[in-house]
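data_20.tsv follows (TSV, C-alpha atoms and all ligand atoms):
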```tsv
chain	number	residue	atom	x	y	z
K	205	MET	CA	-112.68	-43.61	106.60
K	206	PHE	CA	-109.73	-43.42	104.21
K	207	GLU	CA	-107.35	-40.51	104.58
K	208	LEU	CA	-105.14	-39.91	101.57
K	209	LEU	CA	-101.96	-38.45	103.08
K	210	LYS	CA	-99.73	-38.23	100.04
K	211	THR	CA	-99.56	-39.20	96.37
K	212	ASP	CA	-96.15	-40.04	94.91
K	213	SER	CA	-94.91	-37.66	92.21
K	214	SER	CA	-93.24	-40.39	90.13
K	215	SER	CA	-96.08	-42.92	90.06
K	216	ARG	CA	-99.62	-43.50	91.28
K	217	ALA	CA	-98.38	-44.75	94.68
K	218	ARG	CA	-100.30	-43.43	97.68
K	219	LEU	CA	-99.71	-43.09	101.39
K	220	GLY	CA	-102.87	-43.36	103.43
K	221	ARG	CA	-104.67	-44.29	106.60
K	222	LEU	CA	-107.73	-46.51	106.78
K	223	HIS	CA	-109.88	-46.02	109.88
K	224	THR	CA	-111.70	-49.06	111.25
K	225	THR	CA	-113.48	-49.63	114.57
K	226	ARG	CA	-110.57	-51.75	115.82
K	227	GLY	CA	-107.77	-49.45	114.77
K	228	VAL	CA	-106.14	-47.30	112.13
K	229	ILE	CA	-104.32	-49.09	109.31
K	230	ASP	CA	-101.36	-47.43	107.60
K	231	THR	CA	-101.38	-48.05	103.86
K	232	PRO	CA	-99.99	-49.49	101.63
K	233	VAL	CA	-100.58	-52.54	103.81
K	234	PHE	CA	-99.98	-56.27	103.56
K	235	MET	CA	-102.60	-58.48	105.24
K	236	PRO	CA	-101.38	-61.96	106.26
K	237	VAL	CA	-103.93	-64.60	105.32
K	238	GLY	CA	-105.68	-66.56	108.07
K	239	THR	CA	-107.95	-68.63	105.84
K	240	GLN	CA	-109.06	-71.03	108.57
K	241	GLY	CA	-108.87	-68.52	111.42
K	242	SER	CA	-105.10	-68.86	111.75
K	243	VAL	CA	-102.18	-67.48	109.76
K	244	LYS	CA	-100.49	-70.78	109.04
K	245	ALA	CA	-97.72	-71.59	111.56
K	246	LEU	CA	-97.81	-68.14	113.24
K	247	ASP	CA	-99.44	-67.02	116.46
K	248	PRO	CA	-101.04	-63.61	117.14
K	249	ARG	CA	-98.14	-62.45	119.32
K	250	GLU	CA	-95.63	-63.11	116.54
K	251	LEU	CA	-97.87	-61.41	114.01
K	252	ARG	CA	-98.09	-58.26	116.14
K	253	GLU	CA	-94.35	-58.26	116.85
K	254	MET	CA	-93.61	-58.25	113.12
K	255	GLY	CA	-95.98	-55.32	112.55
K	256	THR	CA	-99.18	-56.97	111.32
K	257	GLN	CA	-102.01	-54.42	111.32
K	258	ILE	CA	-104.84	-56.51	109.87
K	259	ILE	CA	-105.36	-60.14	108.91
K	260	LEU	CA	-107.72	-61.87	106.52
K	261	GLY	CA	-110.30	-64.51	107.38
K	262	ASN	CA	-112.37	-66.57	105.01
K	263	THR	CA	-116.14	-66.83	104.95
K	264	TYR	CA	-116.34	-70.02	102.89
K	265	HIS	CA	-113.89	-72.02	105.00
K	266	LEU	CA	-115.07	-70.76	108.40
K	267	HIS	CA	-118.70	-71.28	107.45
K	268	ILE	CA	-117.99	-74.93	106.56
K	269	ARG	CA	-115.70	-75.52	109.56
K	270	PRO	CA	-116.10	-74.94	112.50
K	271	GLY	CA	-119.44	-73.42	111.43
K	272	MET	CA	-121.20	-70.30	112.59
K	273	ASP	CA	-122.79	-71.89	115.70
K	274	ILE	CA	-119.35	-72.28	117.25
K	275	ILE	CA	-118.08	-68.84	116.20
K	276	ASN	CA	-121.29	-67.18	117.41
K	277	ALA	CA	-121.02	-68.97	120.75
K	278	ALA	CA	-117.41	-67.82	121.04
K	279	GLY	CA	-118.58	-64.21	120.62
K	280	GLY	CA	-117.41	-63.62	117.05
K	281	LEU	CA	-114.25	-64.31	115.07
K	282	HIS	CA	-111.95	-61.85	116.90
K	283	ARG	CA	-112.64	-63.56	120.23
K	284	PHE	CA	-112.59	-67.07	118.82
K	285	ILE	CA	-109.08	-66.63	117.40
K	286	ASN	CA	-107.86	-64.12	120.02
K	287	TRP	CA	-107.01	-61.37	117.53
K	288	PRO	CA	-108.46	-58.07	118.83
K	289	HIS	CA	-107.18	-56.08	115.84
K	290	PRO	CA	-108.79	-55.49	112.44
K	291	ILE	CA	-109.90	-58.44	110.30
K	292	LEU	CA	-111.01	-58.39	106.67
K	293	THR	CA	-113.23	-61.25	105.55
K	294	ASP	CA	-113.38	-62.55	102.03
K	295	SER	CA	-117.01	-63.17	100.94
K	296	GLY	CA	-116.46	-66.75	99.82
K	297	GLY	CA	-117.15	-65.97	96.16
K	298	PHE	CA	-113.63	-66.85	95.07
K	299	GLN	CA	-113.73	-70.24	96.84
K	300	VAL	CA	-117.21	-71.13	95.60
K	301	PHE	CA	-116.05	-70.55	92.04
K	302	SER	CA	-112.64	-72.20	92.44
K	303	LEU	CA	-112.88	-74.94	95.10
K	304	ALA	CA	-116.46	-76.10	95.31
K	305	LYS	CA	-118.36	-78.22	92.84
K	306	ILE	CA	-120.98	-75.81	91.53
K	307	ARG	CA	-124.39	-77.32	90.98
K	308	LYS	CA	-126.28	-74.31	89.84
K	309	ILE	CA	-125.81	-70.54	89.56
K	310	LYS	CA	-129.13	-68.98	90.56
K	311	PRO	CA	-130.29	-65.34	90.49
K	312	HIS	CA	-129.53	-64.86	94.18
K	313	GLY	CA	-126.45	-67.01	94.64
K	314	VAL	CA	-124.78	-70.32	94.00
K	315	GLU	CA	-125.81	-73.83	94.94
K	316	PHE	CA	-122.70	-75.93	95.42
K	317	ARG	CA	-121.28	-78.98	97.09
K	318	SER	CA	-118.77	-78.61	99.92
K	319	HIS	CA	-115.24	-79.49	98.77
K	320	LEU	CA	-114.91	-81.45	102.03
K	321	ASP	CA	-117.87	-83.77	102.40
K	322	GLY	CA	-119.99	-83.08	99.33
K	323	SER	CA	-122.90	-81.65	101.34
K	324	LEU	CA	-125.22	-79.31	99.46
K	325	LEU	CA	-124.77	-75.63	100.40
K	326	PHE	CA	-125.99	-72.26	99.15
K	327	LEU	CA	-124.11	-68.99	99.24
K	328	GLY	CA	-125.28	-65.69	97.79
K	329	PRO	CA	-125.06	-62.00	98.65
K	330	LYS	CA	-127.54	-62.30	101.49
K	331	GLU	CA	-125.88	-65.34	103.05
K	332	ALA	CA	-122.31	-64.05	102.59
K	333	MET	CA	-123.18	-60.74	104.28
K	334	ALA	CA	-125.03	-62.50	107.12
K	335	ILE	CA	-122.01	-64.73	107.79
K	336	GLN	CA	-119.61	-61.78	107.69
K	337	ARG	CA	-121.92	-59.84	110.00
K	338	ALA	CA	-121.85	-62.75	112.47
K	339	LEU	CA	-118.08	-63.13	112.12
K	340	GLY	CA	-117.94	-59.43	113.02
K	341	SER	CA	-115.15	-58.55	110.61
K	342	ASP	CA	-114.04	-54.92	110.32
K	343	ILE	CA	-114.07	-55.05	106.54
K	344	ALA	CA	-116.52	-57.28	104.65
K	345	MET	CA	-116.30	-58.04	100.94
K	346	VAL	CA	-119.27	-58.30	98.60
K	347	PHE	CA	-120.15	-61.71	97.16
K	348	ASP	CA	-118.93	-61.68	93.56
K	349	ASP	CA	-118.67	-63.97	90.56
K	350	CYS	CA	-114.97	-64.62	89.96
K	351	PRO	CA	-114.62	-66.38	86.59
K	352	PRO	CA	-111.45	-68.30	85.64
K	353	HIS	CA	-108.68	-66.71	83.60
K	354	THR	CA	-109.80	-68.83	80.63
K	355	ALA	CA	-113.37	-67.41	80.59
K	356	GLY	CA	-114.66	-66.29	77.19
K	357	PRO	CA	-116.30	-62.89	76.49
K	358	ARG	CA	-119.83	-64.14	77.18
K	359	GLU	CA	-118.88	-65.77	80.46
K	360	LEU	CA	-116.99	-62.63	81.50
K	361	ARG	CA	-119.95	-60.37	80.79
K	362	GLY	CA	-122.27	-62.71	82.67
K	363	ALA	CA	-119.90	-62.65	85.64
K	364	VAL	CA	-119.80	-58.84	85.64
K	365	ASP	CA	-123.62	-58.59	85.42
K	366	ARG	CA	-124.01	-60.98	88.33
K	367	THR	CA	-121.26	-59.27	90.32
K	368	LEU	CA	-123.08	-55.93	89.96
K	369	LEU	CA	-126.48	-57.37	90.83
K	370	TRP	CA	-125.05	-59.17	93.85
K	371	ALA	CA	-123.05	-56.08	94.93
K	372	LYS	CA	-126.30	-54.12	95.03
K	373	GLU	CA	-127.92	-56.83	97.15
K	374	CYS	CA	-124.91	-56.91	99.50
K	375	ARG	CA	-125.09	-53.14	99.84
K	376	GLU	CA	-128.66	-53.43	101.17
K	377	GLN	CA	-127.91	-56.06	103.84
K	378	PRO	CA	-127.47	-55.10	107.50
K	379	ARG	CA	-123.87	-54.98	108.76
K	380	ALA	CA	-122.02	-55.52	112.02
K	381	SER	CA	-121.48	-52.31	113.98
K	382	GLY	CA	-118.86	-50.17	112.23
K	383	GLN	CA	-118.25	-52.79	109.52
K	384	LEU	CA	-116.93	-51.42	106.23
K	385	VAL	CA	-118.03	-53.07	102.97
K	386	PHE	CA	-115.86	-53.14	99.84
K	387	GLY	CA	-117.11	-53.69	96.28
K	388	ILE	CA	-115.16	-55.96	93.89
K	389	VAL	CA	-114.40	-55.03	90.28
K	390	GLN	CA	-114.46	-57.95	87.84
K	391	GLY	CA	-114.10	-57.97	84.05
K	392	GLY	CA	-111.04	-60.14	83.38
K	393	ALA	CA	-108.68	-58.77	80.76
K	394	ASP	CA	-111.44	-56.73	79.08
K	395	ALA	CA	-110.67	-53.06	79.80
K	396	SER	CA	-114.12	-51.76	78.84
K	397	LEU	CA	-115.86	-54.34	81.03
K	398	ARG	CA	-113.61	-53.41	83.94
K	399	GLU	CA	-114.38	-49.73	83.42
K	400	ALA	CA	-118.13	-50.35	83.29
K	401	CYS	CA	-118.00	-52.58	86.37
K	402	ALA	CA	-115.93	-50.02	88.31
K	403	ARG	CA	-118.22	-47.11	87.35
K	404	GLU	CA	-121.36	-48.93	88.46
K	405	LEU	CA	-119.82	-50.05	91.74
K	406	VAL	CA	-118.56	-46.54	92.47
K	407	ALA	CA	-122.10	-45.24	91.91
K	408	MET	CA	-123.23	-47.64	94.66
K	409	ASP	CA	-120.78	-45.85	97.00
K	410	PHE	CA	-118.89	-48.62	98.79
K	411	ASP	CA	-116.35	-47.94	101.57
K	412	GLY	CA	-113.51	-49.24	99.41
K	413	TYR	CA	-112.92	-51.13	96.18
K	414	ALA	CA	-111.14	-54.35	95.37
K	415	ILE	CA	-109.71	-55.39	92.05
K	416	GLY	CA	-110.85	-58.98	91.70
K	417	GLY	CA	-110.35	-61.62	89.05
K	418	VAL	CA	-106.59	-61.25	89.37
K	419	SER	CA	-104.29	-64.00	90.69
K	420	VAL	CA	-106.40	-66.53	88.79
K	421	GLY	CA	-103.50	-67.91	86.75
K	422	GLU	CA	-103.10	-65.06	84.26
K	423	PRO	CA	-99.62	-64.02	83.05
K	424	GLU	CA	-98.06	-61.04	84.83
K	425	PRO	CA	-98.48	-58.43	82.06
K	426	GLU	CA	-102.20	-59.23	81.97
K	427	LEU	CA	-102.46	-58.90	85.73
K	428	MET	CA	-100.75	-55.48	85.66
K	429	LYS	CA	-103.02	-54.40	82.83
K	430	ALA	CA	-106.14	-55.45	84.74
K	431	VAL	CA	-105.05	-53.16	87.57
K	432	GLU	CA	-104.06	-50.31	85.24
K	433	THR	CA	-107.41	-50.40	83.44
K	434	THR	CA	-109.41	-50.45	86.69
K	435	GLU	CA	-107.57	-47.99	88.92
K	436	PRO	CA	-108.40	-44.74	87.01
K	437	PHE	CA	-112.12	-45.35	87.65
K	438	LEU	CA	-111.76	-45.78	91.41
K	439	PRO	CA	-112.20	-42.71	93.63
K	440	ALA	CA	-108.99	-41.28	95.16
K	441	HIS	CA	-110.54	-40.94	98.62
K	442	LYS	CA	-111.34	-44.65	99.01
K	443	ALA	CA	-108.94	-47.57	99.65
K	444	ARG	CA	-108.07	-49.93	96.77
K	445	TYR	CA	-107.32	-53.58	97.37
K	446	ALA	CA	-105.76	-56.06	94.87
K	447	MET	CA	-106.96	-59.51	95.90
K	448	GLY	CA	-104.62	-62.47	96.30
K	449	LEU	CA	-101.38	-60.81	95.15
K	450	GLY	CA	-98.41	-61.27	94.78
K	451	THR	CA	-94.59	-61.67	94.87
K	452	PRO	CA	-92.59	-58.93	96.65
K	453	ALA	CA	-91.60	-57.30	93.32
K	454	GLN	CA	-95.22	-57.44	92.13
K	455	LEU	CA	-96.34	-55.70	95.33
K	456	VAL	CA	-93.91	-52.84	94.67
K	457	GLU	CA	-95.18	-52.55	91.08
K	458	LEU	CA	-98.83	-52.66	92.19
K	459	VAL	CA	-98.25	-49.95	94.80
K	460	ALA	CA	-96.80	-47.89	91.94
K	461	ARG	CA	-100.10	-48.45	90.11
K	462	GLY	CA	-102.15	-47.03	92.98
K	463	VAL	CA	-103.05	-50.11	95.07
K	464	ASP	CA	-103.25	-49.68	98.88
K	465	MET	CA	-104.04	-53.16	100.23
K	466	PHE	CA	-102.78	-56.68	99.56
K	467	ASP	CA	-103.26	-60.22	100.79
K	468	CYS	CA	-101.36	-63.28	99.66
K	469	VAL	CA	-100.73	-66.83	100.84
K	470	LEU	CA	-97.28	-66.92	99.18
K	471	PRO	CA	-95.10	-66.04	102.21
K	472	THR	CA	-96.49	-68.88	104.35
K	473	ARG	CA	-97.15	-71.28	101.47
K	474	VAL	CA	-93.62	-71.26	100.05
K	475	ALA	CA	-92.22	-71.40	103.60
K	476	ARG	CA	-93.76	-74.81	103.94
K	477	ASN	CA	-91.72	-75.92	100.91
K	478	GLY	CA	-88.57	-74.53	102.54
K	479	THR	CA	-88.36	-71.41	100.34
K	480	ALA	CA	-87.54	-67.98	101.76
K	481	PHE	CA	-88.11	-64.54	100.25
K	482	THR	CA	-85.23	-62.11	100.45
K	483	THR	CA	-84.71	-58.69	98.88
K	484	ARG	CA	-82.65	-60.52	96.20
K	485	GLY	CA	-85.39	-62.98	95.35
K	486	ALA	CA	-86.47	-66.39	96.54
K	487	VAL	CA	-83.94	-68.83	98.01
K	488	SER	CA	-84.34	-72.47	98.86
K	489	VAL	CA	-83.32	-72.84	102.50
K	490	LYS	CA	-83.51	-76.59	101.97
K	491	ALA	CA	-80.92	-76.58	99.18
K	492	GLY	CA	-77.63	-78.43	99.63
K	493	PHE	CA	-75.54	-75.24	99.36
K	494	ASN	CA	-76.87	-74.17	102.78
K	495	LYS	CA	-75.57	-77.29	104.51
K	496	ALA	CA	-72.70	-75.51	106.27
K	497	ASP	CA	-73.84	-71.89	105.78
K	498	PHE	CA	-73.89	-70.30	109.20
K	499	ARG	CA	-75.31	-66.96	108.08
K	500	PRO	CA	-78.96	-66.04	108.65
K	501	ILE	CA	-81.51	-66.35	105.81
K	502	GLU	CA	-80.90	-62.67	105.06
K	503	GLU	CA	-78.12	-60.53	106.53
K	504	GLY	CA	-79.54	-57.53	108.34
K	505	CYS	CA	-83.05	-58.97	108.65
K	506	GLU	CA	-84.55	-58.15	112.04
K	507	CYS	CA	-86.93	-61.11	112.21
K	508	TYR	CA	-86.76	-63.61	115.06
K	509	ALA	CA	-85.55	-66.39	112.74
K	510	CYS	CA	-82.67	-64.36	111.29
K	511	LYS	CA	-81.62	-62.96	114.68
K	512	ASN	CA	-81.42	-66.44	116.20
K	513	PHE	CA	-80.82	-69.18	113.65
K	514	THR	CA	-78.53	-70.04	110.74
K	515	ARG	CA	-79.39	-71.36	107.29
K	516	ALA	CA	-77.56	-74.59	108.11
K	517	TYR	CA	-79.70	-75.20	111.19
K	518	LEU	CA	-82.98	-74.28	109.46
K	519	ARG	CA	-82.06	-76.53	106.52
K	520	HIS	CA	-81.45	-79.38	108.95
K	521	LEU	CA	-84.84	-78.78	110.65
K	522	LEU	CA	-86.63	-78.76	107.27
K	523	ASN	CA	-84.87	-81.95	106.18
K	524	VAL	CA	-85.94	-83.86	109.29
K	525	ASN	CA	-89.45	-82.34	109.18
K	526	GLU	CA	-89.16	-80.50	112.46
K	527	ILE	CA	-92.05	-78.05	112.86
K	528	LEU	CA	-89.69	-75.31	114.05
K	529	GLY	CA	-88.09	-75.19	110.60
K	530	LEU	CA	-91.24	-74.33	108.68
K	531	ARG	CA	-92.35	-72.03	111.51
K	532	MET	CA	-89.14	-70.03	111.32
K	533	VAL	CA	-89.21	-69.71	107.52
K	534	SER	CA	-92.86	-68.57	107.86
K	535	VAL	CA	-91.75	-65.99	110.43
K	536	HIS	CA	-89.03	-64.70	108.11
K	537	ASN	CA	-91.23	-64.58	105.00
K	538	SER	CA	-94.14	-62.84	106.70
K	539	HIS	CA	-91.75	-60.39	108.33
K	540	MET	CA	-90.16	-59.76	104.93
K	541	TYR	CA	-93.54	-58.82	103.39
K	542	LEU	CA	-94.50	-56.57	106.30
K	543	LYS	CA	-91.10	-54.87	106.36
K	544	LEU	CA	-91.33	-54.32	102.60
K	545	MET	CA	-94.63	-52.48	103.05
K	546	ALA	CA	-93.19	-50.40	105.90
K	547	ASP	CA	-90.21	-49.50	103.67
K	548	ILE	CA	-92.59	-48.58	100.83
K	549	ARG	CA	-94.57	-46.31	103.16
K	550	GLY	CA	-91.31	-44.70	104.32
K	551	ALA	CA	-90.17	-44.16	100.73
K	552	ILE	CA	-93.46	-42.56	99.67
K	553	ALA	CA	-93.39	-40.32	102.77
K	554	THR	CA	-89.87	-39.08	102.04
K	555	GLY	CA	-90.39	-38.75	98.29
K	556	THR	CA	-87.89	-41.50	97.43
K	557	PHE	CA	-90.29	-44.14	96.12
K	558	ALA	CA	-89.00	-43.93	92.51
K	559	GLU	CA	-85.47	-44.90	93.61
K	560	PHE	CA	-86.75	-47.51	96.01
K	561	ARG	CA	-88.87	-49.09	93.29
K	562	ARG	CA	-86.06	-49.12	90.72
K	563	GLU	CA	-83.57	-50.71	93.12
K	564	PHE	CA	-85.95	-53.26	94.58
K	565	VAL	CA	-87.25	-54.53	91.28
K	566	ALA	CA	-83.72	-54.69	89.78
K	567	ASN	CA	-82.43	-56.77	92.71
K	568	PHE	CA	-85.37	-59.10	93.09
K	569	VAL	CA	-85.13	-62.22	90.96
K	570	PRO	CA	-88.32	-64.29	91.11
K	571	SER	CA	-88.00	-67.99	90.45
K	572	ARG	CA	-90.28	-69.87	88.11
K	573	LYS	CA	-91.28	-72.09	91.00
K	574	ILE	CA	-92.62	-69.12	92.96
K	575	LEU	CA	-94.69	-67.86	90.08
K	576	THR	CA	-96.23	-71.30	89.67
K	577	ALA	CA	-97.05	-71.44	93.38
K	578	ARG	CA	-98.90	-68.13	93.02
K	579	GLU	CA	-101.15	-69.63	90.42
K	580	GLU	CA	-102.22	-72.32	92.86
K	581	SER	CA	-102.73	-69.83	95.68
K	582	ARG	CA	-105.77	-69.68	97.93
K	601	ZN	ZN	-85.46	-62.87	108.62
```
Written as structure tokens, how would this file's structure read?
Ligand SMILES: [Zn+2]
Amino acid sequence: MFELLKTDSSSRARLGRLHTTRGVIDTPVFMPVGTQGSVKALDPRELREMGTQIILGNTYHLHIRPGMDIINAAGGLHRFINWPHPILTDSGGFQVFSLAKIRKIKPHGVEFRSHLDGSLLFLGPKEAMAIQRALGSDIAMVFDDCPPHTAGPRELRGAVDRTLLWAKECREQPRASGQLVFGIVQGGADASLREACARELVAMDFDGYAIGGVSVGEPEPELMKAVETTEPFLPAHKARYAMGLGTPAQLVELVARGVDMFDCVLPTRVARNGTAFTTRGAVSVKAGFNKADFRPIEEGCECYACKNFTRAYLRHLLNVNEILGLRMVSVHNSHMYLKLMADIRGAIATGTFAEFRREFVANFVPSRKILTAREESR
């Protein structure tokens, strides 16, 4: 399923190919997030034109609205949203533990109230796999217990125990035809817990492994450490996925630590606040200094927004709340992330990743605002 084509000599970066029933995915890969069955403000044609190989859908949200009756009647998620290419579905664990009002954690799942209308719902390994089977995703994620960044040692251990128990249950559930299932490593900032969790999951032989419990508000050094302490225990011949990350510079650093797959709401989320990502960092398109700036968001960018519109015009659109403004910044930001991954793949292939990494990270200046937005992500 996962072909390891090359490992970088200067870091743990890898070039690979993940085979799914709906197509081959070149890794490292960025997966735009379509939480509600749509990548916010972008349509499938635009996504393909900018090089999207796979998108993410969300079990929790889609299960609540429009509900599985509608998606089943439509013939599955791919048909419902008109995206015939690979889709990865999140199991809903993250949302149950972050969005919903939990009533009770039970041996086989969680009883919670919908964040929308307060109705009583239950989601566990069995339910999460059944929903993902019906959605028909190409990659399904196990239902895990994702504790907050502030969890104490006892809570962390409990979350790991439950994650392992639930992973085993997920592993035994029937799948959609050709569906891959990934395990999720938890353990917070505790290196020995992460190691134990990774070892047990690897013994269960999943198709790939995610590093979970990151992007939950922890400081960056802790996030990097969580990845560094997990990665050595994951098999080289399976894909590794860091969930919910990150800024462009963080993606480069995580690739260097051996991660193959990423998803993040940042490119579309900050676009809606009028912020654009460039190779030099984040810029506010809305800011006054762009009032009469007739250059594109980023010189040399090949995206539709940069080839056709100026900062001055986009700033005007954002200021008068024209939909085109936030759509175009979303186009640019998503394109920027996808192009970054393509450049990373090129650099690993040609043996120039070390230089690429050094230059990119030196040039990229993240703003405090962006890092705060990441903490609120998903
Ligand atoms: Zn652009």
Which residue of K:Gly382, K:Met540, K:Lys310, K:Leu427 approaches His353 in chain K most closely, using all atoms listed in the file
K:Leu427
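CA of Ala566 in chain K sits 25.5 Å away from CA of Asp497 in chain K.
Neighbouring residues of ligand ZN 601 (chain K) at a cut-off of 9 Å, counting all atoms listed in the file, are Ala480, Phe481, Thr482, Pro500, Ile501, Glu502, Glu503, Gly504, Cys505, Glu506, Cys507, Tyr508, Ala509, Cys510, Lys511, Met532, Val533, Val535, His536, Asn537, Ser538, His539 and Met540 of chain K.
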Selected residue of minimal separation from Thr483 in chain K among K:Val456, K:Leu522, K:Met428, K:Ala446, counting only C-alpha atoms:
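Between K:Val456, K:Leu522, K:Met428, K:Ala446, the residue approaching Thr483 in chain K most closely is K:Val456.
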Could you make a table, as a tab-separated table, of the residues of range 298-388 of chain K that have an atom within 12 Å of an atom of range 405-413 of chain K, each with its nearest atom pair and distance in Å to one decimal, counting all atoms listed in the file, in chain and number order?
```
residue	atom	partner	partner_atom	distance
K:Asp342	CA	K:Asp411	CA	11.4
K:Ile343	CA	K:Asp411	CA	9.0
K:Ala344	CA	K:Asp411	CA	9.8
K:Met345	CA	K:Tyr413	CA	9.0
K:Val346	CA	K:Phe410	CA	9.7
K:Asp348	CA	K:Leu405	CA	11.8
K:Val364	CA	K:Leu405	CA	10.7
K:Asp365	CA	K:Leu405	CA	11.3
K:Thr367	CA	K:Leu405	CA	9.4
K:Leu368	CA	K:Leu405	CA	7.0
K:Leu369	CA	K:Leu405	CA	9.9
K:Trp370	CA	K:Leu405	CA	10.7
K:Ala371	CA	K:Leu405	CA	7.5
K:Lys372	CA	K:Met408	CA	7.2
K:Glu373	CA	K:Met408	CA	10.6
K:Cys374	CA	K:Phe410	CA	10.3
K:Arg375	CA	K:Phe410	CA	7.7
K:Glu376	CA	K:Met408	CA	10.3
K:Gly382	CA	K:Asp411	CA	11.2
K:Gln383	CA	K:Asp411	CA	9.5
K:Leu384	CA	K:Asp411	CA	5.8
K:Val385	CA	K:Asp411	CA	5.6
K:Phe386	CA	K:Gly412	CA	4.6
K:Gly387	CA	K:Tyr413	CA	4.9
K:Ile388	CA	K:Tyr413	CA	5.8
```
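Across the structure, CA of Val420 in chain K and CA of Pro352 in chain K are spaced 6.2 Å apart.
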Nearest candidate to Gly485 in chain K (options K:Ile309, K:Met333, K:Val469, K:Val565; using only C-alpha atoms)
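Ranking K:Ile309, K:Met333, K:Val469, K:Val565 by distance to Gly485 in chain K, first place goes to K:Val565.
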Please report the interatomic distance between CA of Ile259 in chain K and CA of Val237 in chain K in Å with one decimal.
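So the two atoms, CA of Ile259 in chain K and CA of Val237 in chain K, lie 5.9 Å apart.
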Long-range neighbours of Gln240 in chain K as a count of residues only, 8 Å cut-off, all atoms listed in the file, 2 positions minimum in chain
7
